[in-house]
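Novice: Provided below: upload.pdb, containing PDB, C-alpha atoms.
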ATOM      1  CA  MET A   1      51.841  31.205  36.937
ATOM      2  CA  SER A   2      52.000  33.354  33.815
ATOM      3  CA  VAL A   3      48.732  34.049  32.010
ATOM      4  CA  ALA A   4      48.689  33.678  28.218
ATOM      5  CA  PRO A   5      48.434  37.040  26.407
ATOM      6  CA  ILE A   6      45.196  38.100  24.749
ATOM      7  CA  LEU A   7      47.270  40.334  22.418
ATOM      8  CA  LYS A   8      50.912  39.988  21.428
ATOM      9  CA  ILE A   9      52.482  42.452  18.994
ATOM     10  CA  GLU A  10      55.966  41.637  17.737
ATOM     11  CA  GLY A  11      58.039  43.989  15.583
ATOM     12  CA  LEU A  12      54.978  45.557  13.950
ATOM     13  CA  GLN A  13      55.682  47.968  11.130
ATOM     14  CA  ALA A  14      52.995  49.738   9.107
ATOM     15  CA  LYS A  15      52.551  52.488   6.569
ATOM     16  CA  VAL A  16      49.819  54.520   4.970
ATOM     17  CA  ALA A  17      48.235  52.316   2.291
ATOM     18  CA  GLU A  18      49.486  52.934  -1.262
ATOM     19  CA  GLU A  19      52.203  55.253   0.039
ATOM     20  CA  GLU A  20      55.774  54.716   1.193
ATOM     21  CA  LEU A  21      55.353  56.713   4.397
ATOM     22  CA  GLY A  22      56.238  54.381   7.255
ATOM     23  CA  ILE A  23      54.550  55.210  10.559
ATOM     24  CA  LEU A  24      54.984  52.205  12.856
ATOM     25  CA  LYS A  25      58.643  51.203  12.955
ATOM     26  CA  GLY A  26      58.797  48.117  15.151
ATOM     27  CA  VAL A  27      56.172  48.017  17.905
ATOM     28  CA  ASP A  28      56.326  45.313  20.585
ATOM     29  CA  LEU A  29      53.497  45.024  23.102
ATOM     30  CA  THR A  30      51.944  42.247  25.163
ATOM     31  CA  ILE A  31      48.554  42.546  26.861
ATOM     32  CA  ARG A  32      47.130  39.842  29.107
ATOM     33  CA  PRO A  33      43.458  39.316  29.977
ATOM     34  CA  GLY A  34      42.104  41.920  32.377
ATOM     35  CA  GLU A  35      44.985  44.349  31.984
ATOM     36  CA  ILE A  36      44.618  48.040  31.217
ATOM     37  CA  HIS A  37      47.446  49.483  29.131
ATOM     38  CA  ALA A  38      47.843  53.134  28.160
ATOM     39  CA  ILE A  39      49.906  54.388  25.241
ATOM     40  CA  MET A  40      50.917  58.037  25.395
ATOM     41  CA  GLY A  41      52.851  60.064  22.871
ATOM     42  CA  PRO A  42      52.990  63.307  20.919
ATOM     43  CA  ASN A  43      51.079  64.014  17.718
ATOM     44  CA  GLY A  44      52.368  61.919  14.831
ATOM     45  CA  SER A  45      53.977  59.282  17.033
ATOM     46  CA  GLY A  46      51.853  56.431  15.634
ATOM     47  CA  LYS A  47      49.374  55.903  18.461
ATOM     48  CA  SER A  48      46.201  56.168  16.387
ATOM     49  CA  THR A  49      47.828  54.286  13.517
ATOM     50  CA  LEU A  50      48.410  51.373  15.869
ATOM     51  CA  ALA A  51      44.732  51.408  16.873
ATOM     52  CA  LYS A  52      43.606  51.429  13.255
ATOM     53  CA  VAL A  53      45.997  48.662  12.221
ATOM     54  CA  LEU A  54      44.680  46.471  15.043
ATOM     55  CA  ALA A  55      41.105  47.117  13.907
ATOM     56  CA  GLY A  56      41.882  46.402  10.242
ATOM     57  CA  HIS A  57      41.441  49.906   8.807
ATOM     58  CA  PRO A  58      42.032  49.703   5.027
ATOM     59  CA  GLY A  59      43.906  53.004   5.017
ATOM     60  CA  TYR A  60      46.910  51.438   6.751
ATOM     61  CA  GLU A  61      49.067  48.538   5.621
ATOM     62  CA  PRO A  62      51.203  46.340   7.905
ATOM     63  CA  THR A  63      54.588  45.755   6.273
ATOM     64  CA  ALA A  64      56.397  43.616   8.850
ATOM     65  CA  GLY A  65      55.906  41.941  12.195
ATOM     66  CA  LYS A  66      53.264  39.747  13.772
ATOM     67  CA  VAL A  67      50.094  40.325  15.799
ATOM     68  CA  THR A  68      48.470  37.440  17.665
ATOM     69  CA  PHE A  69      45.053  37.923  19.227
ATOM     70  CA  ASP A  70      43.492  35.182  21.336
ATOM     71  CA  GLY A  71      45.351  32.540  19.321
ATOM     72  CA  HIS A  72      44.520  34.094  15.913
ATOM     73  CA  ASP A  73      46.874  35.747  13.415
ATOM     74  CA  LEU A  74      45.092  39.083  13.642
ATOM     75  CA  LEU A  75      46.626  40.512  10.475
ATOM     76  CA  GLU A  76      45.106  37.682   8.422
ATOM     77  CA  LEU A  77      41.557  38.558   9.553
ATOM     78  CA  GLU A  78      39.243  41.042   7.849
ATOM     79  CA  ALA A  79      37.922  43.933   9.943
ATOM     80  CA  ASP A  80      34.542  42.260  10.524
ATOM     81  CA  GLU A  81      36.262  39.009  11.525
ATOM     82  CA  ARG A  82      38.367  40.888  14.060
ATOM     83  CA  SER A  83      35.214  42.380  15.549
ATOM     84  CA  ARG A  84      33.553  38.983  15.820
ATOM     85  CA  ALA A  85      36.735  37.603  17.418
ATOM     86  CA  GLY A  86      36.400  40.225  20.167
ATOM     87  CA  VAL A  87      38.325  43.346  19.105
ATOM     88  CA  PHE A  88      36.521  46.665  19.592
ATOM     89  CA  LEU A  89      37.725  50.094  18.467
ATOM     90  CA  ALA A  90      36.308  53.266  20.022
ATOM     91  CA  PHE A  91      37.051  55.968  17.453
ATOM     92  CA  GLN A  92      38.628  59.311  18.171
ATOM     93  CA  TYR A  93      36.087  60.845  15.777
ATOM     94  CA  PRO A  94      32.961  58.630  15.702
ATOM     95  CA  VAL A  95      31.058  58.694  12.406
ATOM     96  CA  ASP A  96      27.529  60.149  12.093
ATOM     97  CA  ILE A  97      24.903  57.859  10.522
ATOM     98  CA  PRO A  98      21.766  59.971   9.931
ATOM     99  CA  GLY A  99      18.564  57.958   9.547
ATOM    100  CA  VAL A 100      19.807  54.918  11.503
ATOM    101  CA  SER A 101      18.776  54.648  15.137
ATOM    102  CA  ILE A 102      21.236  53.496  17.759
ATOM    103  CA  ALA A 103      18.923  50.576  18.570
ATOM    104  CA  ASN A 104      18.826  49.404  14.932
ATOM    105  CA  PHE A 105      22.574  49.896  14.557
ATOM    106  CA  LEU A 106      23.295  47.786  17.634
ATOM    107  CA  ARG A 107      20.752  45.129  16.661
ATOM    108  CA  THR A 108      22.498  44.729  13.290
ATOM    109  CA  ALA A 109      25.880  44.497  15.012
ATOM    110  CA  VAL A 110      24.672  41.786  17.397
ATOM    111  CA  GLN A 111      22.973  39.865  14.555
ATOM    112  CA  SER A 112      26.242  39.877  12.590
ATOM    113  CA  ARG A 113      27.935  37.978  15.412
ATOM    114  CA  LEU A 114      25.473  35.082  15.368
ATOM    115  CA  GLU A 115      26.062  31.845  13.509
ATOM    116  CA  GLU A 116      24.758  31.682   9.956
ATOM    117  CA  GLY A 117      21.047  30.893   9.991
ATOM    118  CA  GLN A 118      20.512  32.144  13.548
ATOM    119  CA  GLU A 119      18.009  34.938  14.061
ATOM    120  CA  LEU A 120      18.206  37.465  16.869
ATOM    121  CA  ASP A 121      15.096  37.501  19.039
ATOM    122  CA  ILE A 122      13.929  41.117  18.953
ATOM    123  CA  PHE A 123      12.342  40.958  22.405
ATOM    124  CA  GLU A 124      15.459  39.455  23.997
ATOM    125  CA  PHE A 125      17.580  42.119  22.303
ATOM    126  CA  THR A 126      15.300  44.922  23.515
ATOM    127  CA  ASP A 127      15.469  43.640  27.080
ATOM    128  CA  MET A 128      19.257  43.286  26.876
ATOM    129  CA  LEU A 129      19.701  46.791  25.460
ATOM    130  CA  ALA A 130      17.530  48.275  28.206
ATOM    131  CA  GLU A 131      19.557  46.432  30.859
ATOM    132  CA  ARG A 132      22.841  47.689  29.352
ATOM    133  CA  MET A 133      21.597  51.262  29.257
ATOM    134  CA  GLN A 134      20.347  51.126  32.818
ATOM    135  CA  MET A 135      23.733  49.844  33.946
ATOM    136  CA  LEU A 136      25.330  52.879  32.289
ATOM    137  CA  ASP A 137      22.709  55.274  33.749
ATOM    138  CA  MET A 138      21.469  56.184  30.271
ATOM    139  CA  ASP A 139      17.984  57.383  29.357
ATOM    140  CA  LEU A 140      16.287  54.673  27.272
ATOM    141  CA  ALA A 141      15.150  57.342  24.773
ATOM    142  CA  PHE A 142      18.817  57.720  23.755
ATOM    143  CA  ALA A 143      18.563  54.459  21.772
ATOM    144  CA  GLU A 144      15.982  55.975  19.426
ATOM    145  CA  ARG A 145      18.272  58.803  18.322
ATOM    146  CA  HIS A 146      20.152  58.544  15.035
ATOM    147  CA  VAL A 147      23.750  57.369  15.424
ATOM    148  CA  ASN A 148      25.844  60.394  16.454
ATOM    149  CA  ASP A 149      23.661  62.737  14.368
ATOM    150  CA  GLY A 150      23.756  66.116  16.099
ATOM    151  CA  PHE A 151      25.460  64.607  19.147
ATOM    152  CA  SER A 152      27.815  66.535  21.384
ATOM    153  CA  GLY A 153      31.324  65.171  21.822
ATOM    154  CA  GLY A 154      30.341  63.633  25.146
ATOM    155  CA  GLU A 155      27.233  61.973  23.675
ATOM    156  CA  LYS A 156      29.280  60.442  20.852
ATOM    157  CA  LYS A 157      31.768  58.960  23.287
ATOM    158  CA  ARG A 158      28.973  57.734  25.550
ATOM    159  CA  ASN A 159      27.442  55.992  22.544
ATOM    160  CA  GLU A 160      30.788  54.234  22.020
ATOM    161  CA  ILE A 161      30.671  52.962  25.606
ATOM    162  CA  LEU A 162      27.127  51.681  25.026
ATOM    163  CA  GLN A 163      28.383  49.783  21.980
ATOM    164  CA  MET A 164      31.102  48.243  24.156
ATOM    165  CA  ALA A 165      28.509  47.270  26.750
ATOM    166  CA  VAL A 166      26.353  45.516  24.151
ATOM    167  CA  LEU A 167      29.151  43.798  22.198
ATOM    168  CA  LYS A 168      31.255  42.811  25.243
ATOM    169  CA  PRO A 169      34.685  42.704  23.544
ATOM    170  CA  LYS A 170      37.697  40.793  24.799
ATOM    171  CA  LEU A 171      39.908  43.776  23.914
ATOM    172  CA  ALA A 172      38.688  47.375  23.769
ATOM    173  CA  VAL A 173      41.025  49.762  21.935
ATOM    174  CA  MET A 174      40.085  53.318  22.876
ATOM    175  CA  ASP A 175      41.622  55.874  20.530
ATOM    176  CA  GLU A 176      41.839  59.228  22.330
ATOM    177  CA  THR A 177      38.471  58.775  23.991
ATOM    178  CA  ASP A 178      39.144  61.897  26.058
ATOM    179  CA  SER A 179      39.546  64.093  22.964
ATOM    180  CA  GLY A 180      37.216  67.092  23.112
ATOM    181  CA  LEU A 181      35.555  66.111  26.393
ATOM    182  CA  ASP A 182      35.033  68.478  29.285
ATOM    183  CA  ILE A 183      35.677  67.143  32.763
ATOM    184  CA  ASP A 184      32.056  66.157  33.427
ATOM    185  CA  ALA A 185      31.765  64.210  30.155
ATOM    186  CA  LEU A 186      35.134  62.581  30.803
ATOM    187  CA  LYS A 187      33.957  61.357  34.210
ATOM    188  CA  VAL A 188      30.755  59.914  32.704
ATOM    189  CA  VAL A 189      32.666  58.023  30.001
ATOM    190  CA  ALA A 190      35.339  56.770  32.409
ATOM    191  CA  ASN A 191      32.692  55.609  34.869
ATOM    192  CA  GLY A 192      31.061  53.571  32.086
ATOM    193  CA  VAL A 193      34.368  51.937  31.151
ATOM    194  CA  ASN A 194      35.090  51.098  34.779
ATOM    195  CA  LYS A 195      31.641  49.545  35.225
ATOM    196  CA  LEU A 196      32.177  47.324  32.197
ATOM    197  CA  GLN A 197      35.519  46.073  33.449
ATOM    198  CA  ASP A 198      34.135  45.528  36.933
ATOM    199  CA  GLU A 199      31.437  43.387  35.322
ATOM    200  CA  ASP A 200      33.953  41.445  33.199
ATOM    201  CA  PRO A 201      37.419  41.553  34.806
ATOM    202  CA  SER A 202      38.873  39.548  31.897
ATOM    203  CA  MET A 203      38.219  42.377  29.410
ATOM    204  CA  SER A 204      41.468  44.048  28.382
ATOM    205  CA  ILE A 205      41.715  47.724  27.504
ATOM    206  CA  LEU A 206      44.240  49.648  25.426
ATOM    207  CA  LEU A 207      43.897  53.385  26.071
ATOM    208  CA  ILE A 208      45.498  55.797  23.621
ATOM    209  CA  THR A 209      45.816  59.335  24.910
ATOM    210  CA  HIS A 210      47.921  62.489  24.939
ATOM    211  CA  TYR A 211      47.184  63.422  28.507
ATOM    212  CA  GLN A 212      47.468  61.984  31.975
ATOM    213  CA  ARG A 213      44.037  63.288  33.027
ATOM    214  CA  LEU A 214      42.156  60.288  31.559
ATOM    215  CA  LEU A 215      44.335  58.012  33.672
ATOM    216  CA  ASP A 216      43.052  59.713  36.823
ATOM    217  CA  TYR A 217      39.688  58.048  36.148
ATOM    218  CA  ILE A 218      40.628  54.831  34.325
ATOM    219  CA  LYS A 219      43.582  53.446  36.221
ATOM    220  CA  PRO A 220      46.143  51.712  33.973
ATOM    221  CA  ASP A 221      48.266  48.764  34.997
ATOM    222  CA  PHE A 222      50.955  49.705  32.478
ATOM    223  CA  VAL A 223      51.877  52.893  30.625
ATOM    224  CA  HIS A 224      53.921  52.986  27.425
ATOM    225  CA  VAL A 225      55.497  55.993  25.723
ATOM    226  CA  MET A 226      55.430  55.963  21.911
ATOM    227  CA  VAL A 227      57.702  58.276  19.941
ATOM    228  CA  SER A 228      58.389  58.128  16.186
ATOM    229  CA  GLY A 229      56.557  54.850  15.683
ATOM    230  CA  ARG A 230      58.199  52.924  18.530
ATOM    231  CA  ILE A 231      57.529  52.260  22.197
ATOM    232  CA  VAL A 232      60.523  53.778  23.947
ATOM    233  CA  ARG A 233      59.539  53.356  27.585
ATOM    234  CA  SER A 234      57.202  51.065  29.529
ATOM    235  CA  GLY A 235      56.320  50.992  33.194
ATOM    236  CA  GLY A 236      53.566  51.584  35.696
ATOM    237  CA  PRO A 237      51.330  54.630  36.238
ATOM    238  CA  GLU A 238      54.355  56.605  37.387
ATOM    239  CA  VAL A 239      55.426  56.870  33.730
ATOM    240  CA  ALA A 240      52.386  59.055  32.975
ATOM    241  CA  LEU A 241      53.150  61.287  35.947
ATOM    242  CA  ALA A 242      56.734  61.686  34.774
ATOM    243  CA  LEU A 243      55.490  62.723  31.338
ATOM    244  CA  GLU A 244      53.427  65.488  32.902
ATOM    245  CA  ALA A 245      56.592  66.867  34.460
ATOM    246  CA  GLU A 246      59.122  66.153  31.689
ATOM    247  CA  GLY A 247      57.169  66.213  28.420
ATOM    248  CA  TYR A 248      57.921  64.034  25.403
ATOM    249  CA  LYS A 249      61.181  65.663  24.320
ATOM    250  CA  THR A 250      62.988  63.607  26.951
ATOM    251  CA  TYR A 251      62.298  60.501  24.854
ATOM    252  CA  GLU A 252      63.174  61.780  21.391
ATOM    253  CA  GLY A 253      65.915  59.710  19.779
ATOM    254  CA  GLN A 254      65.706  56.909  22.327
ATOM    255  CA  GLU A 255      65.957  53.273  21.318
ATOM    256  CA  PRO A 256      62.830  51.081  21.514
ATOM    257  CA  SER A 257      61.901  49.751  24.938
ATOM    258  CA  THR A 258      62.856  46.142  25.587
ATOM    259  CA  ASN A 259      59.804  45.612  27.778
ATOM    260  CA  GLY A 260      56.866  46.900  25.757
ATOM    261  CA  SER A 261      54.811  44.339  27.608
ATOM    262  CA  SER A 262      53.528  43.601  31.035
ATOM    263  CA  PRO A 263      56.392  42.103  33.056
ATOM    264  CA  SER A 264      54.070  39.748  34.892
ATOM    265  CA  SER A 265      50.432  38.821  35.227
ATOM    266  CA  LYS A 266      50.112  40.297  38.713
ATOM    267  CA  SER A 267      47.378  42.766  37.745
ATOM    268  CA  THR A 268      45.333  40.011  36.138
ATOM    269  CA  LYS A 269      45.658  37.879  39.227
ATOM    270  CA  SER A 270      44.501  40.655  41.498
ATOM    271  CA  LYS A 271      41.484  41.402  39.310
ATOM    272  CA  GLN A 272      40.476  37.810  38.820
ATOM    273  CA  SER A 273      41.075  36.531  42.342
TER     274      SER A 273
END
Mind turning this structure into structure tokens?

Specialist:
Amino acid sequence: MSVAPILKIEGLQAKVAEEELGILKGVDLTIRPGEIHAIMGPNGSGKSTLAKVLAGHPGYEPTAGKVTFDGHDLLELEADERSRAGVFLAFQYPVDIPGVSIANFLRTAVQSRLEEGQELDIFEFTDMLAERMQMLDMDLAFAERHVNDGFSGGEKKRNEILQMAVLKPKLAVMDETDSGLDIDALKVVANGVNKLQDEDPSMSILLITHYQRLLDYIKPDFVHVMVSGRIVRSGGPEVALALEAEGYKTYEGQEPSTNGSSPSSKSTKSKQS
């Protein structure tokens, strides 16, 4: 029995806001609960633009197509509404917020998801944050540091994983999470992602990356190749291995893939059985 998609993108086109430069030129993609999808492509192919459009970044404007997330018209929702609905974006370049502790930042984020008039119990939050950090093998003192201020690349990405652990999204979009990480930091971040999906097998993940190495540690169910604003090939993990051997030039000038979606819900069944 087919499982209803958590995310369905149909013919999505988008451009830089207030400019005529089109970047996405007809993206089709279907992600079901519990699936891990990876999008790979060269610089300028539209991978990060897709992530930002899904998150509601004001610098990018959808011009055509449809995006349905968990029954909602995603493009009609503001960025904060998308977050509350369960969309999470891990940035390629996380922003520094000097003067704001990670604990206070996360407490504000959790409070924003409560119904109007509800107050977050500070003691319950503190216990929950400690439990999340212990699960990720993080020193509790990390939560008292200012958000990304003076952090190494690995610490910034680890902070993103902690945010995921606290907010528990339905869909985590990870924009080049491996960017700038050495192999040890990459393993730490990947281990955190894997723990979160083991805990909640219904969480879907969209990985955006240049390189196959991330996929050695976070195993995708489906891999898509994006070139010039379109998905031109979709398949299993073997697609990433082929890219390592062939490069992206093989796909230049190709027509969009007709199966920019998971062909079945077999991976979801295996994870949820």

Novice: Please list as number ranges by chain every residue within 8 Å of segment 96-106 of chain A, counting all atoms listed in the file and excluding residues in the same chain fewer than 3 positions away.

Specialist: A: 109-110, 129, 142-149, 163, 166

Novice: Let's have the selection written as an mmCIF file, in the coordinates of the input, with C-alpha atoms.

Specialist:
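Generated output (result11.cif):
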data_model
loop_
_atom_site.group_PDB
_atom_site.id
_atom_site.type_symbol
_atom_site.label_atom_id
_atom_site.label_comp_id
_atom_site.auth_asym_id
_atom_site.auth_seq_id
_atom_site.Cartn_x
_atom_site.Cartn_y
_atom_site.Cartn_z
ATOM 1 C CA ALA A 109 25.880 44.497 15.012
ATOM 2 C CA VAL A 110 24.672 41.786 17.397
ATOM 3 C CA LEU A 129 19.701 46.791 25.460
ATOM 4 C CA PHE A 142 18.817 57.720 23.755
ATOM 5 C CA ALA A 143 18.563 54.459 21.772
ATOM 6 C CA GLU A 144 15.982 55.975 19.426
ATOM 7 C CA ARG A 145 18.272 58.803 18.322
ATOM 8 C CA HIS A 146 20.152 58.544 15.035
ATOM 9 C CA VAL A 147 23.750 57.369 15.424
ATOM 10 C CA ASN A 148 25.844 60.394 16.454
ATOM 11 C CA ASP A 149 23.661 62.737 14.368
ATOM 12 C CA GLN A 163 28.383 49.783 21.980
ATOM 13 C CA VAL A 166 26.353 45.516 24.151
#

Novice: From the options A:Gly154, A:Leu162, A:Tyr93, A:Tyr251, which residue's atoms come nearest to Ala130 of chain A, counting all atoms listed in the file?

Specialist: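 Among the listed residues, the smallest separation from Ala130 of chain A belongs to A:Leu162.
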
Novice: Evaluating the PyMOL selection byres ((chain A and resi 219-235) around 6) on the displayed file yields which residues, as a PyMOL selection string?

Specialist: chain A and resi 23-27+36-41+45-46+215+218+236-237+239+256-257+260

Novice: With C-alpha atoms retained, write the just-selected residues as an mmCIF file, in the coordinates of the input.

Specialist:
data_model
loop_
_atom_site.group_PDB
_atom_site.id
_atom_site.type_symbol
_atom_site.label_atom_id
_atom_site.label_comp_id
_atom_site.auth_asym_id
_atom_site.auth_seq_id
_atom_site.Cartn_x
_atom_site.Cartn_y
_atom_site.Cartn_z
ATOM 1 C CA ILE A 23 54.550 55.210 10.559
ATOM 2 C CA LEU A 24 54.984 52.205 12.856
ATOM 3 C CA LYS A 25 58.643 51.203 12.955
ATOM 4 C CA GLY A 26 58.797 48.117 15.151
ATOM 5 C CA VAL A 27 56.172 48.017 17.905
ATOM 6 C CA ILE A 36 44.618 48.040 31.217
ATOM 7 C CA HIS A 37 47.446 49.483 29.131
ATOM 8 C CA ALA A 38 47.843 53.134 28.160
ATOM 9 C CA ILE A 39 49.906 54.388 25.241
ATOM 10 C CA MET A 40 50.917 58.037 25.395
ATOM 11 C CA GLY A 41 52.851 60.064 22.871
ATOM 12 C CA SER A 45 53.977 59.282 17.033
ATOM 13 C CA GLY A 46 51.853 56.431 15.634
ATOM 14 C CA LEU A 215 44.335 58.012 33.672
ATOM 15 C CA ILE A 218 40.628 54.831 34.325
ATOM 16 C CA GLY A 236 53.566 51.584 35.696
ATOM 17 C CA PRO A 237 51.330 54.630 36.238
ATOM 18 C CA VAL A 239 55.426 56.870 33.730
ATOM 19 C CA PRO A 256 62.830 51.081 21.514
ATOM 20 C CA SER A 257 61.901 49.751 24.938
ATOM 21 C CA GLY A 260 56.866 46.900 25.757
#

Novice: Evaluating the PyMOL selection byres ((chain A and resi 177) around 9) on the displayed file yields which residues, as a PDB file with C-alpha atoms, in the frame of the given file?

Specialist:
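Okay, part_17.pdb is ready:
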ATOM      1  CA  ALA A  90      36.308  53.266  20.022  1.00  0.00           C
ATOM      2  CA  PHE A  91      37.051  55.968  17.453  1.00  0.00           C
ATOM      3  CA  GLN A  92      38.628  59.311  18.171  1.00  0.00           C
ATOM      4  CA  TYR A  93      36.087  60.845  15.777  1.00  0.00           C
ATOM      5  CA  LYS A 157      31.768  58.960  23.287  1.00  0.00           C
ATOM      6  CA  MET A 174      40.085  53.318  22.876  1.00  0.00           C
ATOM      7  CA  ASP A 175      41.622  55.874  20.530  1.00  0.00           C
ATOM      8  CA  GLU A 176      41.839  59.228  22.330  1.00  0.00           C
ATOM      9  CA  ASP A 178      39.144  61.897  26.058  1.00  0.00           C
ATOM     10  CA  SER A 179      39.546  64.093  22.964  1.00  0.00           C
ATOM     11  CA  GLY A 180      37.216  67.092  23.112  1.00  0.00           C
ATOM     12  CA  LEU A 181      35.555  66.111  26.393  1.00  0.00           C
ATOM     13  CA  LEU A 186      35.134  62.581  30.803  1.00  0.00           C
ATOM     14  CA  VAL A 189      32.666  58.023  30.001  1.00  0.00           C
ATOM     15  CA  LEU A 207      43.897  53.385  26.071  1.00  0.00           C
ATOM     16  CA  ILE A 208      45.498  55.797  23.621  1.00  0.00           C
ATOM     17  CA  THR A 209      45.816  59.335  24.910  1.00  0.00           C
ATOM     18  CA  LEU A 214      42.156  60.288  31.559  1.00  0.00           C
TER      19      LEU A 214
END

Novice: Given the file shown, enumerate the residues that the PyMOL selection byres ((chain A and resi 73) around 12) captures and present them as JSON, numbers by chain.

Specialist: {"A": [6, 7, 8, 9, 10, 54, 65, 66, 67, 68, 69, 70, 71, 72, 74, 75, 76, 77, 78, 81, 82, 85]}

Novice: Give me the residues near Gly59 of chain A as a list in words, where near means some atom within 9 Å (using all atoms listed in the file) and where sequence neighbours in that chain fewer than 6 positions away do not count.

Specialist: Lys15, Val16, Ala17, Glu18, Lys52 and Val53 of chain A

Novice: Could you list, as number ranges by chain, every residue within 8 Å of Val188 of chain A, counting all atoms listed in the file and ignoring same-chain residues fewer than 4 positions away?

Specialist: A: 158, 184, 192

Novice: Which of these residues is nearest to Ala14 of chain A, using only C-alpha atoms: A:Pro169, A:Leu29, A:Gly34, A:Glu61?

Specialist: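 Of the candidates, the smallest distance to Ala14 of chain A is held by A:Glu61.
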
Novice: From the options A:Thr250, A:Ser2, A:Gln111, A:Gln13, which residue's atoms come nearest to Leu50 of chain A, counting only C-alpha atoms?

Specialist: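 Closest residue, counting only C-alpha atoms: A:Gln13.
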
Novice: Can you measure atom CA of Glu35 of chain A to atom CA of Gln197 of chain A for me? One decimal in Å is fine.

Specialist: 9.7 Å

Novice: For a test of reading the model, state the distance in Å between atom CA of Glu116 of chain A and atom CA of Lys170 of chain A, rounded to one decimal.

Specialist: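 About the pair atom CA of Glu116 of chain A and atom CA of Lys170 of chain A: they are 21.7 Å apart.
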